[in-house]
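Novice: Structure in structure tokens, see below.
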Amino acid sequence: MYRMPETPEMANSEIYNPENLEAGISQLSGKTFAALGSSITFGYGSKEIAFPEMIARTDSCRFIKQAISGMTLAYDPLRPETHPEGSYVRQLLDRIDPSEKIDGFVVQLSTNDAQKGIRTGVISDSFDSKDQDPSTITGAMEFILAYIRETWNCPVVFYINAYLDRPYIEHFAAMHPEFPVDVDKACHDLLDNYEEMIRILYMLQEKWHFEIADLWNSDEIRNVSFEEKDLLMNDVIHPRKAGYLFWYVPQIRKSLIQALNR
């Protein structure tokens with residue numbers, strides 16, 4: 001339906017703006033969703049247009065987008081760079097009106113926690129938000145899940161970033177010397193640490209029964225060429241507008257529908 005971009009500039013052009021996408025009707029239509037996250041949810045590499053604006057258009061629904069670039073799921077007092085006012089937990093508590101009628105949440109599995117070395121934590125025995133430890137990655141995710149259940153009792157989708165590997169990090173670093181990348185550190189943070197977060201997320205799914213939009217383990221994304229990634233991605237983490245439309249929107253849309261049907 002939509003044309004793949006021919007150049008990186010085209011991938012961020014107005015042809016992929018929400019107003020230029022086809023509006024349709026689906027199980028999401030007429031509902032209100034909230035998107036909680038950091039730079040990918042915000043649209044850091046796509047002129048602040050991301051999947052919430054696109055799905056709102058293509059499925060005739062409404063999105064409340066609460067996302068601040070650079071923020072983490074957790075706030076760890078021992079790591080002040082995790083920004084207490086912008087952690088997912090604080091964004092959820094301070095910036096989303098609990099009286100708002102929300103039919104579902106989409107939460108980003110943040111790479112920022114992986115990059116900043118926040119403690120992993122452990123899965124609790126409780127489903128109560130008061131019993132969770134939001135200074136750890138696991139505790140922050142459990143707090144978010146518990147608070148959403150206690151406040152809105154609505155479905156939740158966590159989404160995992162598009163697949164990344166060392167060869168593409170090395171390729172990007174070679175192609176973009178103006179954006180220096182420490183390849184070894186990037187691989188440790190964005191591959192090793194993030195894959196541990198993915199493992200924990202799937203363990204939490206067994207407890208909390210939420211949906212996962214898993215772009216990391218998507219065969220389609222894993223098998224794309226470097227040339228296609230160079231078109232759709234602004235850097236190794238952040239998509240361009242076309243990257244959202246072709247990769248993120250279908251996966252998140254599908255998971256939201258599955259969550260509503262649970």
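Going by the structure tokens order, chains are called A, B, ..., each with residues numbered from 1, while ligands are numbered from 1 in the order shown.
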Write down as an MDAnalysis selection string the residues belonging to stretch 44-255 of chain A that are assigned alpha helix (DSSP H) by DSSP computed on the backbone.

Specialist: chainID A and resid 51:58 88:95 111:115 137:151 166:175 183:187 194:208 219:222 226:232 241:243 249:255

Novice: I want to know what sits within 7 Å of stretch 250-257 of chain A, based on only C-alpha atoms, with residues of the same chain fewer than 4 positions away left out; could you give that as an mmCIF file with C-alpha atoms, in the first residue's frame?

Specialist:
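Listed below is the output, out_2.cif:
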data_model
loop_
_atom_site.group_PDB
_atom_site.id
_atom_site.type_symbol
_atom_site.label_atom_id
_atom_site.label_comp_id
_atom_site.auth_asym_id
_atom_site.auth_seq_id
_atom_site.Cartn_x
_atom_site.Cartn_y
_atom_site.Cartn_z
ATOM 1 C CA GLN A 27 -11.025 -3.010 16.596
ATOM 2 C CA LEU A 28 -8.944 -0.078 17.834
ATOM 3 C CA VAL A 157 1.505 -4.122 25.334
ATOM 4 C CA GLU A 211 1.159 -8.775 25.091
ATOM 5 C CA ILE A 212 4.617 -8.265 23.607
ATOM 6 C CA ALA A 213 5.238 -6.616 20.248
ATOM 7 C CA PHE A 246 6.772 -0.420 7.853
ATOM 8 C CA ASN A 261 -9.211 -9.746 22.521
#

Novice: Tell me which protein, DNA and RNA residues are within 10 Å of stretch 125-135 of chain A, counting only C-alpha atoms, leaving out same-chain ones fewer than 4 positions away, and put them as JSON, numbers by chain.

Specialist: {"A": [73, 74, 75, 76, 77, 78, 79, 82, 84, 87, 88, 89, 90, 118, 119, 120, 121, 139, 140, 141, 142, 143, 144, 145, 146, 147, 148, 149, 150, 207, 208]}

Novice: Print the selection's residues with C-alpha atoms to a file, as a compact mmCIF listing (two decimals), in the first residue's frame.

Specialist:
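Result file follows (result15.txt):
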# COMPACT_ATOMS: atom_id res chain seq x y z
CA LEU A 73 12.07 2.74 33.02
CA ALA A 74 13.57 2.90 36.51
CA TYR A 75 14.85 5.65 38.74
CA ASP A 76 17.85 4.48 40.73
CA PRO A 77 18.91 6.97 43.44
CA LEU A 78 22.40 5.49 43.21
CA ARG A 79 22.49 6.52 39.53
CA THR A 82 18.47 8.26 35.50
CA PRO A 84 13.67 10.84 38.60
CA SER A 87 11.62 7.90 34.50
CA TYR A 88 8.72 5.91 33.12
CA VAL A 89 7.38 5.48 36.64
CA ARG A 90 7.32 9.23 37.32
CA ILE A 118 20.64 0.10 36.11
CA ARG A 119 20.30 -2.87 38.44
CA THR A 120 18.21 -5.71 37.03
CA GLY A 121 16.30 -6.57 40.21
CA GLY A 139 10.68 -3.55 39.72
CA ALA A 140 9.91 -0.58 37.50
CA MET A 141 8.20 -2.79 34.92
CA GLU A 142 6.20 -4.52 37.66
CA PHE A 143 5.24 -1.18 39.20
CA ILE A 144 4.01 0.06 35.82
CA LEU A 145 2.00 -3.11 35.22
CA ALA A 146 0.51 -3.03 38.74
CA TYR A 147 -0.33 0.68 38.62
CA ILE A 148 -2.02 0.39 35.24
CA ARG A 149 -4.06 -2.55 36.50
CA GLU A 150 -5.03 -0.73 39.70
CA LYS A 207 3.14 -13.60 35.61
CA TRP A 208 1.20 -10.60 34.30

Novice: Compile the contact shell of stretch 57-65 of chain A as a ChimeraX atom specification: residues with an atom at most 9 Å away, counting only C-alpha atoms, same-chain residues fewer than 6 positions apart removed.

Specialist: /A:18-19,21-37,41-42,96,102,253

Novice: Can I get the selection written as a tab-separated table (two decimals), in the first residue's frame, with N, CA, C and O atoms?

Specialist:
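Printed below is result_28.tsv as written:
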chain	number	residue	atom	x	y	z
A	18	PRO	N	1.13	11.44	9.39
A	18	PRO	CA	-0.17	10.82	9.64
A	18	PRO	C	-1.28	11.32	8.72
A	18	PRO	O	-2.11	10.51	8.26
A	19	GLU	N	-1.30	12.62	8.43
A	19	GLU	CA	-2.39	13.15	7.60
A	19	GLU	C	-2.36	12.61	6.18
A	19	GLU	O	-3.36	12.69	5.45
A	21	LEU	N	-1.58	9.36	5.57
A	21	LEU	CA	-1.85	7.93	5.64
A	21	LEU	C	-3.35	7.69	5.49
A	21	LEU	O	-4.17	8.57	5.76
A	22	GLU	N	-3.69	6.50	5.06
A	22	GLU	CA	-5.10	6.17	4.84
A	22	GLU	C	-5.78	5.88	6.18
A	22	GLU	O	-5.32	5.02	6.95
A	23	ALA	N	-6.85	6.56	6.44
A	23	ALA	CA	-7.63	6.33	7.67
A	23	ALA	C	-8.53	5.13	7.48
A	23	ALA	O	-9.16	4.97	6.43
A	24	GLY	N	-8.57	4.28	8.51
A	24	GLY	CA	-9.40	3.09	8.41
A	24	GLY	C	-10.12	2.79	9.71
A	24	GLY	O	-10.02	3.52	10.69
A	25	ILE	N	-10.85	1.68	9.70
A	25	ILE	CA	-11.62	1.24	10.86
A	25	ILE	C	-11.10	-0.14	11.28
A	25	ILE	O	-10.85	-1.01	10.43
A	26	SER	N	-10.93	-0.31	12.58
A	26	SER	CA	-10.49	-1.60	13.11
A	26	SER	C	-11.04	-1.76	14.52
A	26	SER	O	-11.81	-0.92	15.00
A	27	GLN	N	-10.61	-2.81	15.21
A	27	GLN	CA	-11.03	-3.01	16.60
A	27	GLN	C	-10.48	-1.92	17.52
A	27	GLN	O	-10.96	-1.76	18.63
A	28	LEU	N	-9.51	-1.17	17.04
A	28	LEU	CA	-8.94	-0.08	17.83
A	28	LEU	C	-9.74	1.21	17.70
A	28	LEU	O	-9.59	2.13	18.52
A	29	SER	N	-10.58	1.29	16.70
A	29	SER	CA	-11.27	2.54	16.38
A	29	SER	C	-12.14	3.02	17.53
A	29	SER	O	-12.83	2.23	18.19
A	30	GLY	N	-12.09	4.33	17.77
A	30	GLY	CA	-12.90	4.95	18.80
A	30	GLY	C	-12.36	4.79	20.21
A	30	GLY	O	-12.94	5.33	21.15
A	31	LYS	N	-11.25	4.08	20.36
A	31	LYS	CA	-10.69	3.84	21.68
A	31	LYS	C	-9.54	4.82	21.96
A	31	LYS	O	-8.99	5.43	21.05
A	32	THR	N	-9.18	4.93	23.23
A	32	THR	CA	-8.07	5.78	23.65
A	32	THR	C	-6.97	4.92	24.24
A	32	THR	O	-7.21	4.11	25.13
A	33	PHE	N	-5.76	5.10	23.72
A	33	PHE	CA	-4.60	4.37	24.20
A	33	PHE	C	-3.56	5.35	24.71
A	33	PHE	O	-3.53	6.50	24.31
A	34	ALA	N	-2.70	4.87	25.59
A	34	ALA	CA	-1.58	5.66	26.08
A	34	ALA	C	-0.29	4.98	25.67
A	34	ALA	O	-0.18	3.75	25.73
A	35	ALA	N	0.68	5.78	25.25
A	35	ALA	CA	2.01	5.27	24.90
A	35	ALA	C	3.01	5.88	25.87
A	35	ALA	O	3.12	7.10	25.98
A	36	LEU	N	3.73	5.02	26.58
A	36	LEU	CA	4.67	5.44	27.62
A	36	LEU	C	6.08	5.02	27.21
A	36	LEU	O	6.31	3.85	26.90
A	37	GLY	N	7.01	5.97	27.19
A	37	GLY	CA	8.34	5.58	26.80
A	37	GLY	C	9.35	6.70	26.77
A	37	GLY	O	9.22	7.70	27.48
A	41	THR	N	9.48	6.11	21.35
A	41	THR	CA	8.07	6.47	21.44
A	41	THR	C	7.86	7.94	21.10
A	41	THR	O	6.86	8.32	20.48
A	42	PHE	N	8.83	8.78	21.47
A	42	PHE	CA	8.75	10.21	21.20
A	42	PHE	C	8.90	10.53	19.72
A	42	PHE	O	8.23	11.43	19.18
A	96	ILE	N	0.15	11.46	33.44
A	96	ILE	CA	-1.03	10.84	32.82
A	96	ILE	C	-2.16	10.89	33.84
A	96	ILE	O	-2.05	10.31	34.92
A	102	ILE	N	-8.79	5.23	29.59
A	102	ILE	CA	-7.76	4.65	28.73
A	102	ILE	C	-8.09	3.17	28.51
A	102	ILE	O	-8.34	2.42	29.46
A	253	ARG	N	0.28	-2.54	16.31
A	253	ARG	CA	-1.17	-2.60	16.02
A	253	ARG	C	-1.69	-4.02	16.25
A	253	ARG	O	-2.73	-4.22	16.89

Novice: Fewer than 6 positions away in the same chain doesn't count, so skip those; otherwise give me all residues within 8 Å of A:Leu232, counting only C-alpha atoms, as a ChimeraX atom specification.

Specialist: /A:5,8,11,239-243

Novice: For A:Ala259, which of A:Leu109, A:Met71, A:Cys154, A:Met1 is the closest residue, counting only C-alpha atoms?

Specialist: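 Distance minimum relative to A:Ala259 lands on A:Cys154.
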
Novice: Atom CA of A:Ile68 and atom CA of A:Tyr16, how far apart in Å?

Specialist: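 For atom CA of A:Tyr16 relative to atom CA of A:Ile68, the distance reads 22.3 Å.
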
Novice: So, counting only C-alpha atoms, which residue among A:Asn12, A:Ser38, A:Gln115, A:Ser69 is closest to A:His188?

Specialist: A:Gln115

Novice: Taking the DSSP secondary structure from the backbone, can you list the residues of stretch 96-196 of chain A that are strand (DSSP E or B), as JSON, numbers by chain?

Specialist: {"A": [104, 105, 106, 107, 108, 156, 157, 158, 159, 160]}

Novice: Could you check which of A:Lys116, A:Leu215, A:Thr111, A:Gln66 is closest to A:Asp94, using only C-alpha atoms?

Specialist: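 Of all the options, A:Gln66 lies closest to A:Asp94.
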